[in-house]
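Chemist: What follows is run-v8.pdb, made up of PDB, C-alpha atoms:
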ATOM      1  CA  ILE A   1      40.772 -48.843  58.002
ATOM      2  CA  THR A   2      42.331 -45.624  59.169
ATOM      3  CA  LEU A   3      42.084 -42.404  57.229
ATOM      4  CA  GLU A   4      45.829 -42.585  56.536
ATOM      5  CA  GLN A   5      45.480 -46.101  55.138
ATOM      6  CA  ALA A   6      42.550 -44.971  52.987
ATOM      7  CA  LYS A   7      44.656 -42.082  51.685
ATOM      8  CA  ASP A   8      47.436 -44.517  50.734
ATOM      9  CA  VAL A   9      44.978 -46.753  48.890
ATOM     10  CA  MET A  10      43.407 -43.771  47.151
ATOM     11  CA  ALA A  11      46.802 -42.429  46.081
ATOM     12  CA  GLY A  12      47.771 -45.740  44.487
ATOM     13  CA  ALA A  13      44.442 -46.107  42.688
ATOM     14  CA  GLU A  14      44.355 -42.509  41.517
ATOM     15  CA  ALA A  15      47.918 -42.744  40.173
ATOM     16  CA  GLU A  16      47.019 -45.849  38.136
ATOM     17  CA  ALA A  17      43.884 -44.200  36.744
ATOM     18  CA  GLU A  18      45.736 -41.027  35.818
ATOM     19  CA  ARG A  19      48.654 -42.960  34.295
ATOM     20  CA  ASN A  20      46.144 -44.546  31.907
ATOM     21  CA  ASN A  21      43.978 -41.430  31.502
ATOM     22  CA  TRP A  22      40.925 -43.305  32.794
ATOM     23  CA  PRO A  23      38.139 -41.110  34.237
ATOM     24  CA  VAL A  24      36.818 -43.136  37.161
ATOM     25  CA  VAL A  25      35.252 -42.931  40.577
ATOM     26  CA  ILE A  26      37.151 -44.563  43.452
ATOM     27  CA  ALA A  27      35.374 -45.503  46.692
ATOM     28  CA  ILE A  28      36.907 -46.855  49.897
ATOM     29  CA  VAL A  29      34.789 -48.335  52.688
ATOM     30  CA  ASP A  30      35.470 -49.771  56.129
ATOM     31  CA  THR A  31      34.600 -53.328  57.198
ATOM     32  CA  GLY A  32      30.995 -52.282  57.832
ATOM     33  CA  GLY A  33      30.639 -50.951  54.305
ATOM     34  CA  ASN A  34      30.637 -47.332  55.486
ATOM     35  CA  LEU A  35      32.156 -44.859  53.073
ATOM     36  CA  VAL A  36      35.556 -43.577  54.263
ATOM     37  CA  MET A  37      36.707 -41.834  51.107
ATOM     38  CA  LEU A  38      35.422 -41.183  47.600
ATOM     39  CA  GLN A  39      36.972 -39.394  44.631
ATOM     40  CA  ARG A  40      35.433 -38.672  41.268
ATOM     41  CA  LEU A  41      38.254 -37.969  38.846
ATOM     42  CA  ASP A  42      37.807 -35.283  36.190
ATOM     43  CA  ASN A  43      35.376 -36.277  33.435
ATOM     44  CA  ALA A  44      34.148 -39.391  35.272
ATOM     45  CA  GLN A  45      30.461 -40.078  34.720
ATOM     46  CA  PHE A  46      28.385 -39.353  37.810
ATOM     47  CA  GLY A  47      26.630 -42.721  37.498
ATOM     48  CA  SER A  48      29.891 -44.355  38.544
ATOM     49  CA  VAL A  49      29.706 -42.795  42.016
ATOM     50  CA  GLU A  50      27.100 -45.286  43.204
ATOM     51  CA  VAL A  51      28.554 -48.196  41.215
ATOM     52  CA  ALA A  52      32.004 -47.720  42.797
ATOM     53  CA  ARG A  53      30.456 -47.524  46.266
ATOM     54  CA  GLN A  54      28.449 -50.694  45.626
ATOM     55  CA  LYS A  55      31.526 -52.570  44.406
ATOM     56  CA  ALA A  56      33.452 -51.577  47.542
ATOM     57  CA  TRP A  57      30.492 -52.445  49.797
ATOM     58  CA  SER A  58      30.096 -55.838  48.131
ATOM     59  CA  ALA A  59      33.806 -56.672  48.478
ATOM     60  CA  ALA A  60      33.698 -55.769  52.186
ATOM     61  CA  ALA A  61      30.382 -57.477  52.948
ATOM     62  CA  PHE A  62      31.146 -60.746  51.191
ATOM     63  CA  ARG A  63      34.899 -60.672  51.892
ATOM     64  CA  ARG A  64      35.879 -61.416  48.317
ATOM     65  CA  PRO A  65      36.614 -59.574  45.091
ATOM     66  CA  THR A  66      33.530 -58.765  43.048
ATOM     67  CA  LYS A  67      35.171 -60.580  40.137
ATOM     68  CA  VAL A  68      34.041 -63.817  41.844
ATOM     69  CA  PHE A  69      30.392 -62.876  41.296
ATOM     70  CA  GLN A  70      31.030 -61.661  37.740
ATOM     71  CA  GLU A  71      32.694 -64.945  36.779
ATOM     72  CA  ALA A  72      30.043 -67.083  38.461
ATOM     73  CA  ILE A  73      27.218 -65.304  36.681
ATOM     74  CA  ALA A  74      29.071 -65.535  33.371
ATOM     75  CA  GLY A  75      28.987 -69.305  33.865
ATOM     76  CA  GLY A  76      25.199 -69.189  33.745
ATOM     77  CA  GLY A  77      22.961 -71.994  34.908
ATOM     78  CA  ALA A  78      22.382 -72.227  38.643
ATOM     79  CA  ASN A  79      24.870 -69.384  39.173
ATOM     80  CA  LEU A  80      22.327 -66.939  37.786
ATOM     81  CA  ARG A  81      20.547 -67.069  41.141
ATOM     82  CA  LEU A  82      23.416 -64.884  42.418
ATOM     83  CA  LEU A  83      21.661 -62.008  40.654
ATOM     84  CA  ARG A  84      19.127 -62.211  43.473
ATOM     85  CA  LEU A  85      21.809 -61.958  46.192
ATOM     86  CA  GLU A  86      21.178 -58.531  47.703
ATOM     87  CA  GLY A  87      24.250 -56.298  47.634
ATOM     88  CA  ALA A  88      26.480 -58.655  45.654
ATOM     89  CA  SER A  89      27.857 -56.553  42.826
ATOM     90  CA  PRO A  90      28.344 -58.760  39.751
ATOM     91  CA  LEU A  91      30.905 -56.345  38.293
ATOM     92  CA  GLU A  92      34.670 -56.708  38.621
ATOM     93  CA  GLY A  93      36.372 -53.763  40.323
ATOM     94  CA  GLY A  94      35.714 -54.305  44.039
ATOM     95  CA  ILE A  95      38.588 -55.688  46.132
ATOM     96  CA  PRO A  96      38.909 -56.297  49.895
ATOM     97  CA  LEU A  97      41.775 -54.485  51.605
ATOM     98  CA  VAL A  98      43.847 -56.823  53.768
ATOM     99  CA  VAL A  99      46.503 -56.078  56.398
ATOM    100  CA  ASP A 100      48.188 -58.900  58.322
ATOM    101  CA  GLY A 101      45.581 -61.353  57.090
ATOM    102  CA  GLN A 102      42.657 -59.219  58.280
ATOM    103  CA  ILE A 103      40.189 -57.394  56.059
ATOM    104  CA  ILE A 104      40.197 -53.719  57.062
ATOM    105  CA  GLY A 105      37.913 -52.409  54.313
ATOM    106  CA  ALA A 106      37.512 -52.501  50.559
ATOM    107  CA  ILE A 107      37.991 -50.432  47.421
ATOM    108  CA  GLY A 108      35.605 -50.131  44.506
ATOM    109  CA  VAL A 109      36.276 -48.491  41.151
ATOM    110  CA  SER A 110      33.895 -47.673  38.300
ATOM    111  CA  GLY A 111      34.128 -45.756  35.060
ATOM    112  CA  VAL A 112      35.972 -47.825  32.468
ATOM    113  CA  THR A 113      35.787 -51.548  31.670
ATOM    114  CA  SER A 114      35.412 -53.904  34.628
ATOM    115  CA  GLU A 115      38.903 -55.278  33.991
ATOM    116  CA  GLN A 116      40.378 -51.755  33.974
ATOM    117  CA  ASP A 117      38.394 -50.864  37.101
ATOM    118  CA  ALA A 118      39.939 -53.912  38.794
ATOM    119  CA  GLN A 119      43.429 -52.902  37.630
ATOM    120  CA  ILE A 120      42.970 -49.529  39.310
ATOM    121  CA  ALA A 121      41.526 -51.089  42.476
ATOM    122  CA  GLN A 122      44.434 -53.541  42.686
ATOM    123  CA  ALA A 123      46.933 -50.690  42.343
ATOM    124  CA  GLY A 124      45.224 -49.028  45.290
ATOM    125  CA  ALA A 125      45.249 -52.227  47.346
ATOM    126  CA  ASP A 126      48.904 -52.791  46.492
ATOM    127  CA  ASN A 127      49.780 -49.283  47.688
ATOM    128  CA  LEU A 128      48.434 -50.148  51.144
ATOM    129  CA  THR A 129      51.286 -52.573  51.760
ATOM    130  CA  LYS A 130      54.048 -50.175  50.692
TER     131      LYS A 130
END
Using structure tokens, write down the structure that the file contains.
Modeler:
Amino acid sequence: ITLEQAKDVMAGAEAEAERNNWPVVIAIVDTGGNLVMLQRLDNAQFGSVEVARQKAWSAAAFRRPTKVFQEAIAGGGANLRLLRLEGASPLEGGIPLVVDGQIIGAIGVSGVTSEQDAQIAQAGADNLTK
């Protein structure tokens, strides 16, 4: 992911968060899980800094939205062993960033409900293609 692409993603995510008055942290990583950009919006809890980074890292490392892990664990049973999968965030709000069918990084959002975090992350991802 280039810095310009990360800025586009961040702008889309930040706009969605501000439109809803949601105080969140937004993290963007490259394909290696390295932090490219992070913003902590006003009044966002500082605990969300690491959670957002972990969601982004997980989405990049496992090449899937973190919602997949959340839903699997919610199913219980044998899926609970996913809790032992190092680095797999079981919280919705991490989404891979894809350009021309290739993952170029990921976005992670934390600070409100997991569903709202995902809404913000998706707005960021959608802004990448504009």
Chemist: Would you mind telling me which residue in A:Val112, A:Ala125, A:Ala88, A:Ile1 lies nearest to Asp30 in chain A when using only C-alpha atoms?
Modeler: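 Of A:Val112, A:Ala125, A:Ala88, A:Ile1, the one nearest Asp30 in chain A is A:Ile1, counting only C-alpha atoms.
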Chemist: Could you name the residues that touch Ala44 in chain A at 7 Å or less, counting all atoms listed in the file, but leaving out those on the same chain fewer than 5 positions away, as a count of residues only?
Modeler: 4
Chemist: Calculated over all atoms listed in the file, which of the candidates A:Gln54, A:Asn20, A:Asn34, A:Ser48 has the smallest distance to Ile120 in chain A?
Modeler: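 Ranking A:Gln54, A:Asn20, A:Asn34, A:Ser48 by distance to Ile120 in chain A, first place goes to A:Asn20.
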Chemist: For Ala15 in chain A, list every protein, DNA or RNA residue within 9 Å, evaluated using only C-alpha atoms, and leave out those in the same chain fewer than 3 positions away; present the list as a compact mmCIF listing (two decimals) with C-alpha atoms, in the frame of the given file.
Modeler:
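Printed below is part-v9.txt as written:
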# COMPACT_ATOMS: atom_id res chain seq x y z
CA MET A 10 43.41 -43.77 47.15
CA ALA A 11 46.80 -42.43 46.08
CA GLY A 12 47.77 -45.74 44.49
CA GLU A 18 45.74 -41.03 35.82
CA ARG A 19 48.65 -42.96 34.30
CA ASN A 20 46.14 -44.55 31.91
CA ILE A 120 42.97 -49.53 39.31
CA ALA A 123 46.93 -50.69 42.34
CA GLY A 124 45.22 -49.03 45.29
Chemist: Written as a PyMOL selection string, what is the full residue list that the PyMOL selection byres ((chain A and resi 64-67) around 12) yields on the file shown?
Modeler: chain A and resi 51-52+54-63+68-74+82+87-98+103+105-109+114-119+121-122+125
Chemist: Of the residues A:Asn79, A:Asn127, A:Ser110, A:Thr2, which is the one nearest to Ala27 in chain A, using only C-alpha atoms?
Modeler: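 Under the stated criterion, the closest residue is A:Ser110.
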Chemist: Would you mind reading off the distance between CA of Ala13 in chain A and CA of Asp100 in chain A, one decimal, in Å?
Modeler: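 Between CA of Ala13 in chain A and CA of Asp100 in chain A the gap is 20.5 Å.
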